[in-house]
file my_file_15.cif (mmCIF, C-alpha atoms and all ligand atoms)
data_data
#
loop_
_atom_site.label_atom_id
_atom_site.label_comp_id
_atom_site.auth_asym_id
_atom_site.auth_seq_id
_atom_site.Cartn_x
_atom_site.Cartn_y
_atom_site.Cartn_z
CA MET A 1 112.03 -0.18 -276.38
CA SER A 2 109.69 -1.93 -278.73
CA LEU A 3 109.04 -5.58 -277.91
CA LYS A 4 108.90 -6.46 -281.60
CA GLY A 5 111.23 -9.33 -282.46
CA LYS A 6 112.54 -9.58 -278.90
CA HIS A 7 112.95 -12.96 -277.25
CA ILE A 8 111.27 -12.79 -273.87
CA VAL A 9 111.58 -15.72 -271.52
CA LEU A 10 108.54 -15.73 -269.26
CA GLY A 11 108.99 -17.68 -266.05
CA VAL A 12 105.80 -18.51 -264.19
CA SER A 13 106.00 -19.57 -260.55
CA GLY A 14 103.35 -21.10 -258.31
CA SER A 15 100.95 -18.42 -257.21
CA ILE A 16 97.23 -18.26 -257.87
CA ALA A 17 98.11 -15.22 -259.99
CA ALA A 18 99.69 -17.70 -262.44
CA TYR A 19 96.43 -17.61 -264.43
CA LYS A 20 97.14 -13.95 -265.16
CA ALA A 21 100.48 -14.93 -266.74
CA ALA A 22 98.46 -16.25 -269.69
CA ASP A 23 97.32 -12.69 -270.40
CA VAL A 24 100.89 -11.43 -270.06
CA ALA A 25 102.10 -14.08 -272.54
CA SER A 26 99.30 -13.21 -274.94
CA LYS A 27 99.99 -9.45 -274.81
CA LEU A 28 103.73 -10.01 -275.28
CA VAL A 29 102.98 -12.08 -278.39
CA GLN A 30 100.57 -9.39 -279.65
CA ALA A 31 103.35 -6.81 -279.17
CA GLY A 32 105.51 -8.85 -281.55
CA ALA A 33 107.75 -10.63 -279.04
CA GLN A 34 108.86 -14.24 -279.30
CA VAL A 35 107.86 -15.72 -275.96
CA SER A 36 109.37 -18.83 -274.36
CA VAL A 37 107.58 -19.94 -271.22
CA ILE A 38 109.08 -21.85 -268.31
CA LEU A 39 106.63 -23.20 -265.74
CA THR A 40 107.85 -24.22 -262.30
CA ALA A 41 106.46 -27.44 -260.83
CA ALA A 42 104.21 -25.41 -258.52
CA ALA A 43 102.96 -23.23 -261.41
CA GLN A 44 101.84 -26.40 -263.19
CA GLN A 45 99.42 -27.01 -260.33
CA PHE A 46 97.64 -23.79 -261.31
CA VAL A 47 98.04 -23.61 -265.11
CA THR A 48 98.91 -26.06 -267.85
CA PRO A 49 101.68 -26.01 -270.45
CA LEU A 50 98.99 -26.30 -273.12
CA THR A 51 97.64 -22.85 -272.21
CA PHE A 52 100.99 -21.24 -272.89
CA ARG A 53 101.87 -23.41 -275.88
CA SER A 54 98.59 -22.33 -277.49
CA LEU A 55 99.26 -18.65 -276.80
CA THR A 56 102.95 -18.55 -277.74
CA HIS A 57 103.08 -21.24 -280.46
CA ARG A 58 106.31 -22.42 -278.87
CA PRO A 59 107.32 -25.33 -276.67
CA VAL A 60 106.85 -24.75 -272.97
CA VAL A 61 109.58 -25.82 -270.58
CA THR A 62 108.37 -27.81 -267.60
CA ASN A 63 111.40 -29.79 -266.47
CA TRP A 64 115.11 -30.20 -267.17
CA PHE A 65 114.76 -33.58 -268.76
CA ASP A 66 111.81 -33.15 -271.10
CA PRO A 67 113.06 -34.41 -274.50
CA GLY A 68 110.74 -32.00 -276.32
CA SER A 69 112.05 -28.86 -274.64
CA ASP A 70 114.73 -26.44 -275.78
CA LEU A 71 116.48 -26.97 -272.50
CA SER A 72 117.05 -30.67 -273.15
CA ILE A 73 119.49 -29.75 -275.92
CA GLN A 74 121.54 -27.38 -273.87
CA HIS A 75 120.44 -26.33 -270.44
CA VAL A 76 121.40 -22.73 -270.98
CA THR A 77 119.85 -22.25 -274.43
CA LEU A 78 117.07 -19.97 -273.26
CA ALA A 79 119.43 -18.10 -270.97
CA GLU A 80 121.71 -17.28 -273.90
CA THR A 81 119.06 -16.27 -276.39
CA ALA A 82 116.82 -14.26 -274.03
CA ASP A 83 116.65 -10.51 -274.48
CA ALA A 84 114.88 -10.30 -271.11
CA LEU A 85 113.81 -12.74 -268.43
CA LEU A 86 110.44 -11.89 -266.92
CA VAL A 87 109.13 -13.77 -263.90
CA ALA A 88 105.37 -13.19 -263.52
CA PRO A 89 104.12 -14.04 -261.02
CA ALA A 90 107.25 -14.21 -258.89
CA THR A 91 106.48 -15.94 -255.58
CA ALA A 92 108.30 -15.29 -252.31
CA ASP A 93 109.83 -18.76 -252.59
CA LEU A 94 111.07 -18.23 -256.16
CA MET A 95 112.64 -14.87 -255.25
CA ALA A 96 114.32 -16.42 -252.20
CA LYS A 97 115.87 -18.98 -254.53
CA LEU A 98 116.98 -16.29 -256.98
CA ALA A 99 118.47 -14.20 -254.18
CA ALA A 100 120.37 -17.25 -252.93
CA GLY A 101 121.60 -18.09 -256.44
CA MET A 102 119.97 -21.50 -256.46
CA ALA A 103 119.48 -23.33 -259.74
CA ASP A 104 117.52 -26.48 -259.06
CA ASP A 105 114.90 -26.15 -261.77
CA PRO A 106 114.74 -24.72 -265.32
CA LEU A 107 113.55 -21.27 -264.22
CA THR A 108 116.13 -20.66 -261.51
CA GLY A 109 118.79 -22.27 -263.71
CA THR A 110 117.95 -19.93 -266.58
CA ALA A 111 117.96 -16.94 -264.21
CA LEU A 112 121.42 -17.85 -262.97
CA ALA A 113 122.84 -18.47 -266.43
CA THR A 114 121.41 -15.49 -268.29
CA GLN A 115 122.96 -12.07 -268.76
CA ALA A 116 119.68 -10.63 -269.95
CA PRO A 117 117.90 -8.12 -267.69
CA LEU A 118 115.61 -9.64 -265.08
CA VAL A 119 112.10 -8.28 -264.48
CA LEU A 120 110.21 -9.54 -261.46
CA ALA A 121 106.46 -9.17 -260.97
CA PRO A 122 105.90 -10.39 -257.41
CA ALA A 123 102.54 -11.77 -256.28
CA MET A 124 101.87 -13.28 -252.88
CA ASP A 125 99.99 -12.95 -249.65
CA ALA A 126 100.50 -9.58 -247.92
CA HIS A 127 102.16 -11.11 -244.86
CA MET A 128 104.61 -13.07 -247.01
CA TYR A 129 105.42 -9.89 -248.93
CA GLU A 130 105.96 -7.85 -245.77
CA HIS A 131 108.13 -10.52 -244.12
CA PRO A 132 111.66 -9.22 -243.54
CA ALA A 133 113.07 -12.25 -245.39
CA THR A 134 111.09 -11.38 -248.55
CA GLN A 135 111.95 -7.70 -248.25
CA ALA A 136 115.65 -8.54 -247.85
CA ASN A 137 115.51 -10.81 -250.91
CA LEU A 138 113.82 -8.06 -252.94
CA ARG A 139 116.53 -5.61 -251.91
CA THR A 140 119.25 -8.08 -252.88
CA LEU A 141 117.67 -8.70 -256.26
CA THR A 142 117.11 -5.01 -257.06
CA GLU A 143 120.65 -4.16 -255.96
CA ARG A 144 121.82 -6.71 -258.50
CA GLY A 145 119.85 -4.93 -261.19
CA ALA A 146 116.49 -6.71 -261.24
CA LEU A 147 113.59 -4.45 -262.14
CA LEU A 148 110.53 -4.81 -259.90
CA VAL A 149 107.02 -4.19 -261.17
CA GLY A 150 104.40 -4.25 -258.43
CA PRO A 151 103.04 -5.79 -256.38
CA GLU A 152 99.91 -3.71 -256.14
CA PRO A 153 97.69 -3.18 -253.12
CA GLY A 154 94.18 -4.63 -253.17
CA ARG A 155 92.13 -7.71 -252.41
CA LEU A 156 94.23 -10.87 -252.29
CA ALA A 157 93.15 -14.48 -252.90
CA SER A 158 93.51 -15.11 -249.16
CA GLY A 159 90.73 -12.58 -248.54
CA LEU A 160 93.20 -10.14 -247.03
CA ILE A 161 93.39 -6.58 -248.31
CA GLY A 162 97.03 -5.62 -248.67
CA MET A 163 100.12 -5.54 -250.85
CA GLY A 164 100.57 -8.58 -253.00
CA ARG A 165 98.48 -8.40 -256.16
CA LEU A 166 100.27 -9.02 -259.43
CA ALA A 167 100.84 -5.77 -261.33
CA ALA A 168 98.57 -5.04 -264.30
CA THR A 169 99.59 -6.61 -267.61
CA GLU A 170 100.24 -3.16 -269.15
CA ALA A 171 102.60 -2.28 -266.31
CA ILE A 172 104.44 -5.61 -266.68
CA LEU A 173 104.90 -5.02 -270.43
CA ALA A 174 106.08 -1.47 -269.73
CA ALA A 175 108.63 -2.84 -267.25
CA VAL A 176 109.94 -5.30 -269.86
CA SER A 177 110.27 -2.47 -272.43
CA THR A 178 112.06 -0.38 -269.82
CA ALA A 179 114.46 -3.22 -269.03
CA LEU A 180 115.19 -3.78 -272.72
CA GLY A 181 115.95 -0.07 -273.21
CA ARG A 182 117.97 0.44 -270.09
CA SER A 183 121.19 0.96 -272.02
CA GLY A 184 119.49 3.09 -274.67
CA ASP A 185 120.78 6.38 -276.07
CA LEU A 186 119.06 8.40 -273.32
CA LYS A 187 120.68 6.40 -270.52
CA GLY A 188 121.66 8.68 -267.65
CA ARG A 189 119.58 11.56 -269.06
CA THR A 190 116.64 13.27 -267.41
CA VAL A 191 113.87 14.22 -269.78
CA VAL A 192 110.95 16.40 -268.72
CA VAL A 193 107.82 16.12 -270.83
CA SER A 194 104.61 18.11 -270.42
CA ALA A 195 101.31 16.76 -271.68
CA GLY A 196 97.62 17.41 -271.88
CA PRO A 197 95.50 20.49 -271.37
CA THR A 198 95.40 22.79 -268.38
CA GLU A 199 92.25 23.80 -266.55
CA GLU A 200 91.66 27.34 -265.36
CA PRO A 201 88.86 27.52 -262.79
CA LEU A 202 85.99 29.97 -263.19
CA ASP A 203 84.10 28.95 -260.09
CA PRO A 204 83.98 25.76 -257.96
CA VAL A 205 82.36 23.73 -260.75
CA ARG A 206 83.54 25.27 -264.05
CA VAL A 207 86.87 25.39 -265.81
CA ILE A 208 88.27 26.74 -269.08
CA THR A 209 90.20 24.02 -270.84
CA ASN A 210 91.02 22.74 -274.35
CA ARG A 211 90.86 19.59 -276.46
CA SER A 212 94.37 18.26 -275.88
CA SER A 213 94.18 14.51 -275.11
CA GLY A 214 97.73 14.22 -273.77
CA LYS A 215 98.47 11.26 -276.09
CA MET A 216 101.46 12.89 -277.79
CA GLY A 217 103.17 13.84 -274.51
CA TYR A 218 102.52 10.44 -272.94
CA ALA A 219 103.93 8.71 -276.03
CA ILE A 220 107.11 10.83 -275.79
CA ALA A 221 107.43 10.13 -272.07
CA GLU A 222 107.10 6.37 -272.57
CA ALA A 223 109.49 6.33 -275.50
CA ALA A 224 112.09 8.28 -273.48
CA ARG A 225 111.73 5.83 -270.60
CA ASP A 226 112.24 2.95 -273.03
CA ARG A 227 115.50 4.54 -274.24
CA GLY A 228 116.96 4.64 -270.75
CA ALA A 229 115.97 8.13 -269.57
CA ARG A 230 114.64 9.13 -266.19
CA VAL A 231 111.38 10.79 -267.14
CA VAL A 232 109.34 13.44 -265.39
CA LEU A 233 105.88 13.79 -266.92
CA VAL A 234 104.09 17.00 -265.98
CA THR A 235 100.50 16.43 -266.99
CA GLY A 236 97.26 18.30 -266.99
CA PRO A 237 94.02 16.34 -266.47
CA THR A 238 93.68 13.57 -269.10
CA ALA A 239 91.79 10.31 -269.44
CA LEU A 240 95.06 8.41 -269.89
CA SER A 241 96.33 5.98 -267.28
CA LYS A 242 99.50 6.73 -265.38
CA PRO A 243 102.41 5.19 -267.27
CA TRP A 244 104.65 2.79 -265.37
CA GLY A 245 108.20 3.75 -264.46
CA ILE A 246 107.67 7.48 -264.99
CA ASP A 247 107.63 10.22 -262.36
CA VAL A 248 104.15 11.61 -263.06
CA ARG A 249 103.23 15.01 -261.63
CA GLY A 250 99.63 16.11 -262.06
CA VAL A 251 98.78 19.79 -262.36
CA HIS A 252 95.68 21.81 -263.21
CA THR A 253 96.49 25.39 -264.10
CA THR A 254 99.17 26.90 -266.34
CA ALA A 255 100.75 28.53 -263.28
CA GLU A 256 101.01 25.11 -261.61
CA MET A 257 102.50 23.61 -264.77
CA LEU A 258 105.07 26.40 -264.94
CA ALA A 259 106.10 25.88 -261.31
CA CYS A 260 106.28 22.12 -261.78
CA VAL A 261 108.39 22.33 -264.95
CA GLN A 262 110.70 24.92 -263.41
CA ALA A 263 111.20 22.62 -260.40
CA SER A 264 112.89 20.16 -262.80
CA SER A 265 115.36 22.76 -264.04
CA GLY A 266 118.75 21.19 -264.59
CA ALA A 267 117.28 18.29 -266.60
CA ASP A 268 118.83 17.47 -269.97
CA ALA A 269 115.74 18.14 -272.02
CA LEU A 270 112.31 19.74 -271.83
CA ILE A 271 109.71 18.77 -274.39
CA MET A 272 106.55 20.85 -274.05
CA ALA A 273 103.85 18.75 -275.67
CA ALA A 274 101.17 20.18 -273.38
CA ALA A 275 98.58 22.71 -274.41
CA PRO A 276 98.72 25.10 -271.46
CA GLY A 277 95.87 27.60 -271.45
CA ASP A 278 97.07 31.03 -272.51
CA PHE A 279 94.45 32.83 -270.42
CA ARG A 280 92.83 32.51 -267.01
CA PRO A 281 89.78 34.22 -265.54
CA GLU A 282 90.73 37.41 -263.71
CA THR A 283 88.78 36.24 -260.67
CA VAL A 284 87.69 32.81 -259.54
CA ALA A 285 84.20 33.06 -258.08
CA PRO A 286 84.09 31.48 -254.61
CA ASP A 287 80.55 30.22 -255.28
CA LYS A 288 78.94 28.79 -258.38
CA ILE A 289 78.13 31.59 -260.81
CA LYS A 290 74.32 31.82 -261.03
CA LYS A 291 72.51 32.79 -264.20
CA GLY A 292 70.70 36.07 -263.62
CA PRO A 293 68.21 37.82 -265.91
CA GLU A 294 71.00 39.16 -268.19
CA ALA A 295 71.43 37.57 -271.60
CA THR A 296 75.22 37.64 -271.44
CA LEU A 297 78.00 36.94 -269.02
CA THR A 298 81.29 38.75 -269.42
CA ILE A 299 84.45 37.19 -268.13
CA THR A 300 87.74 39.05 -268.17
CA LEU A 301 90.69 36.84 -268.96
CA LEU A 302 94.27 37.56 -267.96
CA LYS A 303 97.22 36.35 -269.97
CA ASN A 304 99.12 33.39 -268.51
CA PRO A 305 102.90 33.24 -268.57
CA ASP A 306 104.47 31.35 -271.46
CA ILE A 307 106.11 28.34 -269.83
CA LEU A 308 108.67 27.63 -272.55
CA SER A 309 109.89 31.23 -272.54
CA ALA A 310 109.86 31.52 -268.76
CA VAL A 311 111.80 28.40 -267.76
CA SER A 312 115.57 28.00 -267.85
CA GLY A 313 118.19 25.42 -267.03
CA PHE A 314 117.34 22.79 -269.67
CA THR A 315 120.10 21.81 -272.11
CA VAL A 316 117.62 21.17 -274.90
CA LYS A 317 114.20 22.81 -275.21
CA ALA A 318 111.59 21.68 -277.70
CA GLY A 319 108.02 22.70 -278.27
CA PHE A 320 104.99 22.14 -280.43
CA ALA A 321 103.15 24.68 -282.51
CA ALA A 322 99.45 24.11 -282.98
CA GLU A 323 98.48 26.26 -285.94
CA SER A 324 95.34 26.62 -287.99
CA ARG A 325 97.00 28.84 -290.66
CA ASP A 326 100.44 29.89 -291.89
CA LEU A 327 101.86 26.79 -290.23
CA LEU A 328 105.55 27.20 -291.01
CA ASP A 329 105.76 30.98 -290.55
CA ASN A 330 103.97 30.87 -287.22
CA ALA A 331 105.97 27.86 -286.05
CA ARG A 332 109.28 29.52 -286.96
CA ALA A 333 108.27 32.67 -285.08
CA LYS A 334 107.55 30.56 -281.97
CA LEU A 335 110.83 28.64 -282.36
CA THR A 336 112.75 31.92 -282.26
CA ALA A 337 110.65 33.73 -279.66
CA LYS A 338 110.78 30.83 -277.21
CA GLY A 339 114.49 30.07 -277.76
CA LEU A 340 113.92 26.45 -278.82
CA ASP A 341 116.23 23.88 -280.35
CA PHE A 342 113.37 22.62 -282.49
CA ILE A 343 109.61 22.88 -282.83
CA VAL A 344 107.08 20.35 -284.03
CA ALA A 345 104.51 22.14 -286.18
CA ASN A 346 101.04 20.68 -286.17
CA ASP A 347 98.30 21.74 -288.57
CA VAL A 348 95.21 21.59 -286.37
CA ALA A 349 92.84 22.83 -289.07
CA GLY A 350 93.62 20.11 -291.63
CA ASP A 351 91.18 17.43 -292.78
CA GLU A 352 92.59 14.85 -290.39
CA PRO A 353 91.84 15.18 -286.67
CA VAL A 354 94.82 15.86 -284.38
CA PHE A 355 93.20 16.03 -280.96
CA GLY A 356 92.63 12.58 -279.50
CA SER A 357 93.94 10.85 -282.61
CA ASP A 358 96.66 8.18 -282.50
CA LEU A 359 98.16 9.61 -285.69
CA ASN A 360 99.89 12.87 -286.41
CA LYS A 361 101.30 14.67 -289.44
CA VAL A 362 103.90 17.28 -288.58
CA THR A 363 106.79 19.34 -289.85
CA VAL A 364 109.82 19.77 -287.61
CA LEU A 365 111.71 23.07 -287.80
CA ASP A 366 115.03 23.48 -286.08
CA ALA A 367 117.10 26.41 -284.87
CA GLY A 368 119.62 25.84 -287.67
CA GLY A 369 116.95 26.54 -290.32
CA GLY A 370 116.23 22.89 -291.11
CA VAL A 371 112.71 21.88 -292.18
CA ASP A 372 111.70 18.22 -291.99
CA ASP A 373 108.28 17.47 -293.42
CA LEU A 374 107.42 14.11 -291.89
CA PRO A 375 104.81 11.71 -293.29
CA ARG A 376 101.68 10.90 -291.32
CA MET A 377 102.65 8.44 -288.58
CA THR A 378 101.55 7.15 -285.19
CA LYS A 379 102.22 9.32 -282.17
CA ALA A 380 104.49 6.52 -280.86
CA GLU A 381 106.57 6.66 -284.07
CA LEU A 382 106.66 10.43 -283.96
CA ALA A 383 107.81 10.26 -280.32
CA GLY A 384 110.80 8.23 -281.55
CA ARG A 385 111.65 10.84 -284.21
CA ILE A 386 111.41 13.65 -281.66
CA LEU A 387 113.72 11.81 -279.27
CA ASP A 388 116.22 11.17 -282.10
CA ARG A 389 116.39 14.96 -282.40
CA VAL A 390 116.82 15.39 -278.65
CA VAL A 391 119.71 12.89 -278.67
CA ALA A 392 121.32 14.68 -281.63
CA ALA A 393 120.82 18.12 -280.06
CA LEU A 394 122.37 16.98 -276.78
CA ALA A 395 125.34 15.46 -278.61
CA GLY A 396 125.74 18.65 -280.67
CA LYS A 397 125.81 20.84 -277.57
CA GLU A 398 128.24 18.60 -275.77
CA ARG A 399 130.65 18.64 -278.69
CA VAL A 400 130.89 22.42 -278.51
N1 LIG A 501 103.32 26.88 -274.35
C1 LIG A 501 103.88 27.26 -273.17
N2 LIG A 501 103.19 28.08 -272.31
C2 LIG A 501 101.99 28.56 -272.66
C3 LIG A 501 101.42 28.21 -273.90
C4 LIG A 501 102.12 27.37 -274.74
O1 LIG A 501 105.00 26.82 -272.85
N3 LIG A 501 101.35 29.36 -271.82
C5 LIG A 501 104.07 25.96 -275.22
C6 LIG A 501 103.31 24.76 -275.72
O2 LIG A 501 103.45 23.66 -274.86
C7 LIG A 501 103.96 24.50 -277.06
C8 LIG A 501 104.38 25.87 -277.52
O3 LIG A 501 104.43 26.69 -276.35
O4 LIG A 501 105.10 23.69 -276.95
C9 LIG A 501 103.45 26.52 -278.52
O5 LIG A 501 102.13 26.47 -278.04
P1 LIG A 501 100.92 26.96 -278.95
O6 LIG A 501 99.64 26.73 -278.21
O7 LIG A 501 101.06 26.41 -280.33
O8 LIG A 501 101.20 28.49 -279.09
P2 LIG A 501 101.21 29.71 -278.16
O9 LIG A 501 102.63 30.02 -277.82
O10 LIG A 501 100.28 29.55 -277.02
O11 LIG A 501 100.73 30.85 -279.16
P3 LIG A 501 99.30 31.02 -279.88
O12 LIG A 501 98.29 30.42 -278.97
O13 LIG A 501 99.18 32.49 -280.02
O14 LIG A 501 99.39 30.34 -281.22
#
call {"tool": "encode", "arguments": {"input": "my_file_15.cif", "output": "structure tokens", "more": "lines below"}}
Ligand code: CTP
result
Amino acid sequence: MSLKGKHIVLGVSGSIAAYKAADVASKLVQAGAQVSVILTAAAQQFVTPLTFRSLTHRPVVTNWFDPGSDLSIQHVTLAETADALLVAPATADLMAKLAAGMADDPLTGTALATQAPLVLAPAMDAHMYEHPATQANLRTLTERGALLVGPEPGRLASGLIGMGRLAATEAILAAVSTALGRSGDLKGRTVVVSAGPTEEPLDPVRVITNRSSGKMGYAIAEAARDRGARVVLVTGPTALSKPWGIDVRGVHTTAEMLACVQASSGADALIMAAAPGDFRPETVAPDKIKKGPEATLTITLLKNPDILSAVSGFTVKAGFAAESRDLLDNARAKLTAKGLDFIVANDVAGDEPVFGSDLNKVTVLDAGGGVDDLPRMTKAELAGRILDRVVAALAGKERV
């Protein structure tokens, strides 16, 4: 779910990773959230209230009795108005207190009093993280519904290499969006999304591929996650980073993508935003193809299976149509031939670039004959429109 206009309470506990919480606060504000920060006493040894006040333009809570803080008016004010409580970094000590239900400072008190979802971004020394007490506390907290993001493996402040680094800011924001959308209209649904190009090998060093960036599919996958769905993202090679909270399955060839999509049969929806290659070389040379004296090289290509037509067991199936001419006629033919609920028709020969762009201008055609000519919008906005259709199509089928 979008963070815009959401009230996020950011609790910072006393780990050296507390300095990274400033970046988290800043990115939350940039995403349009209203951010209230609570610093524990230990956190104040690492970072100052001024840092967070400057970033959030709001008072920072440092103790129960500060006359300038929201909490002095009513100790549960933040707890009641929070849309989500994020603790980043969450130390072993802080999580032990949360697991025990203690409430001896503003952060633990807010955590106990709030009904908003709790997101924990642990950061600590590897041995503290691995300790059975910490692991038991983490289990307790997740069983109660807390969402964990990280920690990540890597070099720790202690010099140790191990588990304990604070998750990346992008992952923490994604976890907050996920928590906010947990009761969304795709709650309990499984959505399979394909994205990116495929690569068909010619020899050990060469492939046949296409210009798909994967951005559209990734945007749909993230938006579905943020509306409560369990998401499987089947992706060809892209430059995009692996989105948090999504079951990402990397593939190379169209045959691999087909097998991977079919393995998720039984899911509620399949949205094929990928650009699987329609052809593959008849033979893959075991060694690098050398250039001989000939002026040409002939490669025979075999047709790949059409994934959308081949797979079954999805309640709703949707596809894209990349067309350089006769957009609507071609798209409608694909909608029918592939047995889709709707198709998103993309003019790839227009003046505006489609591949790699953050924007898209499409027309959606549905199986009932409907034609929806959408204005140019961001791929994130379009992802929302596409998922609205998935929700409606699922509801329509369940009514029957
Ligand atoms: N698609 C598929 N399997 C393929 C090729 C495409 O499932 N082997 C899917 C795409 O993910 C997309 C839809 O089919 O959702 C239409 O893809 P597109 O490339 O527009 O068309 P094609 O069906 O490949 O037909 P053509 O290339 O002749 O336009």
call {"tool": "residues_near_ligand", "arguments": {"input": "my_file_15.cif", "ligand": "ligand LIG 501 (chain A)", "cutoff": "9 Å", "atoms": "all atoms listed in the file", "output": "PyMOL selection string"}}
result
chain A and resi 194-195+254-255+257-258+271-279+303-311+318-324+330-331+334-335+338+343-346
call {"tool": "write_last_selection", "arguments": {"input": "my_file_15.cif", "atoms": "C-alpha atoms", "output": "PDB file, in the frame of the given file"}}
result
ATOM      1  CA  SER A 194     104.610  18.110-270.420  1.00  0.00           C
ATOM      2  CA  ALA A 195     101.310  16.760-271.680  1.00  0.00           C
ATOM      3  CA  THR A 254      99.170  26.900-266.340  1.00  0.00           C
ATOM      4  CA  ALA A 255     100.750  28.530-263.280  1.00  0.00           C
ATOM      5  CA  MET A 257     102.500  23.610-264.770  1.00  0.00           C
ATOM      6  CA  LEU A 258     105.070  26.400-264.940  1.00  0.00           C
ATOM      7  CA  ILE A 271     109.710  18.770-274.390  1.00  0.00           C
ATOM      8  CA  MET A 272     106.550  20.850-274.050  1.00  0.00           C
ATOM      9  CA  ALA A 273     103.850  18.750-275.670  1.00  0.00           C
ATOM     10  CA  ALA A 274     101.170  20.180-273.380  1.00  0.00           C
ATOM     11  CA  ALA A 275      98.580  22.710-274.410  1.00  0.00           C
ATOM     12  CA  PRO A 276      98.720  25.100-271.460  1.00  0.00           C
ATOM     13  CA  GLY A 277      95.870  27.600-271.450  1.00  0.00           C
ATOM     14  CA  ASP A 278      97.070  31.030-272.510  1.00  0.00           C
ATOM     15  CA  PHE A 279      94.450  32.830-270.420  1.00  0.00           C
ATOM     16  CA  LYS A 303      97.220  36.350-269.970  1.00  0.00           C
ATOM     17  CA  ASN A 304      99.120  33.390-268.510  1.00  0.00           C
ATOM     18  CA  PRO A 305     102.900  33.240-268.570  1.00  0.00           C
ATOM     19  CA  ASP A 306     104.470  31.350-271.460  1.00  0.00           C
ATOM     20  CA  ILE A 307     106.110  28.340-269.830  1.00  0.00           C
ATOM     21  CA  LEU A 308     108.670  27.630-272.550  1.00  0.00           C
ATOM     22  CA  SER A 309     109.890  31.230-272.540  1.00  0.00           C
ATOM     23  CA  ALA A 310     109.860  31.520-268.760  1.00  0.00           C
ATOM     24  CA  VAL A 311     111.800  28.400-267.760  1.00  0.00           C
ATOM     25  CA  ALA A 318     111.590  21.680-277.700  1.00  0.00           C
ATOM     26  CA  GLY A 319     108.020  22.700-278.270  1.00  0.00           C
ATOM     27  CA  PHE A 320     104.990  22.140-280.430  1.00  0.00           C
ATOM     28  CA  ALA A 321     103.150  24.680-282.510  1.00  0.00           C
ATOM     29  CA  ALA A 322      99.450  24.110-282.980  1.00  0.00           C
ATOM     30  CA  GLU A 323      98.480  26.260-285.940  1.00  0.00           C
ATOM     31  CA  SER A 324      95.340  26.620-287.990  1.00  0.00           C
ATOM     32  CA  ASN A 330     103.970  30.870-287.220  1.00  0.00           C
ATOM     33  CA  ALA A 331     105.970  27.860-286.050  1.00  0.00           C
ATOM     34  CA  LYS A 334     107.550  30.560-281.970  1.00  0.00           C
ATOM     35  CA  LEU A 335     110.830  28.640-282.360  1.00  0.00           C
ATOM     36  CA  LYS A 338     110.780  30.830-277.210  1.00  0.00           C
ATOM     37  CA  ILE A 343     109.610  22.880-282.830  1.00  0.00           C
ATOM     38  CA  VAL A 344     107.080  20.350-284.030  1.00  0.00           C
ATOM     39  CA  ALA A 345     104.510  22.140-286.180  1.00  0.00           C
ATOM     40  CA  ASN A 346     101.040  20.680-286.170  1.00  0.00           C
TER      41      ASN A 346
END
call {"tool": "closest_residue", "arguments": {"input": "my_file_15.cif", "among": "A:Pro243, A:Gly196, A:Gly396, A:Pro375", "to": "A:Ala171", "atoms": "all atoms listed in the file"}}
result
A:Pro243
call {"tool": "residues_around", "arguments": {"input": "my_file_15.cif", "residues": "A:Ala43", "least_positions_apart": "2", "cutoff": "7 Å", "atoms": "only C-alpha atoms", "output": "list in words"}}
result
Val12, Ser13, Gly14, Ser15, Ala18, Leu39, Thr40, Ala41, Gln45, Phe46 and Val47 of chain A
call {"tool": "atom_distance", "arguments": {"input": "my_file_15.cif", "atom1": "atom CA of A:Lys317", "atom2": "atom CA of A:Leu359"}}
result
23.3 Å
call {"tool": "closest_residue", "arguments": {"input": "my_file_15.cif", "among": "A:Ser213, A:Leu233, A:Leu387, A:Leu166", "to": "A:Gly154", "atoms": "all atoms listed in the file"}}
result
A:Leu166
call {"tool": "residues_near_point", "arguments": {"input": "my_file_15.cif", "point": "(117.6, -22.0, -265.2)", "cutoff": "10 Å", "atoms": "all atoms listed in the file", "output": "PyMOL selection string"}}
result
chain A and resi 11+38+64+71+75-79+102-114
call {"tool": "atom_distance", "arguments": {"input": "my_file_15.cif", "atom1": "atom CA of A:Val61", "atom2": "atom CA of A:Arg144"}}
result
25.7 Å
call {"tool": "atom_distance", "arguments": {"input": "my_file_15.cif", "atom1": "atom CA of A:Arg182", "atom2": "atom CA of A:Thr235"}}
result
23.9 Å
call {"tool": "residues_around", "arguments": {"input": "my_file_15.cif", "residues": "A:Gly370", "least_positions_apart": "2", "cutoff": "12 Å", "atoms": "all atoms listed in the file", "output": "list in words"}}
result
Leu328, Arg332, Leu335, Asp341, Phe342, Ile343, Val344, Thr363, Val364, Leu365, Asp366, Ala367, Gly368, Asp372, Asp373 and Arg389 of chain A
call {"tool": "closest_residue", "arguments": {"input": "my_file_15.cif", "among": "A:Ala263, A:Ile8, A:Ala179, A:Val193", "to": "A:Leu28", "atoms": "all atoms listed in the file"}}
result
A:Ile8
call {"tool": "axis_aligned_box", "arguments": {"input": "my_file_15.cif", "around": "stretch 124-127 of chain A", "padding_each_side": "3 Å", "output": "lines of an AutoDock Vina configuration file"}}
result
center_x = 101.1
center_y = -11.4
center_z = -248.9
size_x = 8.2
size_y = 9.7
size_z = 14.0
call {"tool": "closest_residue", "arguments": {"input": "my_file_15.cif", "among": "A:Val362, A:Ala349, A:Thr142, A:Gly356", "to": "A:Leu240", "atoms": "all atoms listed in the file"}}
result
A:Gly356
call {"tool": "residues_near_point", "arguments": {"input": "my_file_15.cif", "point": "(111.2, -18.3, -272.4)", "cutoff": "6 Å", "atoms": "only C-alpha atoms", "output": "list in words"}}
result
Ile8, Val9, Leu10, Val35, Ser36, Val37 and Ile38 of chain A
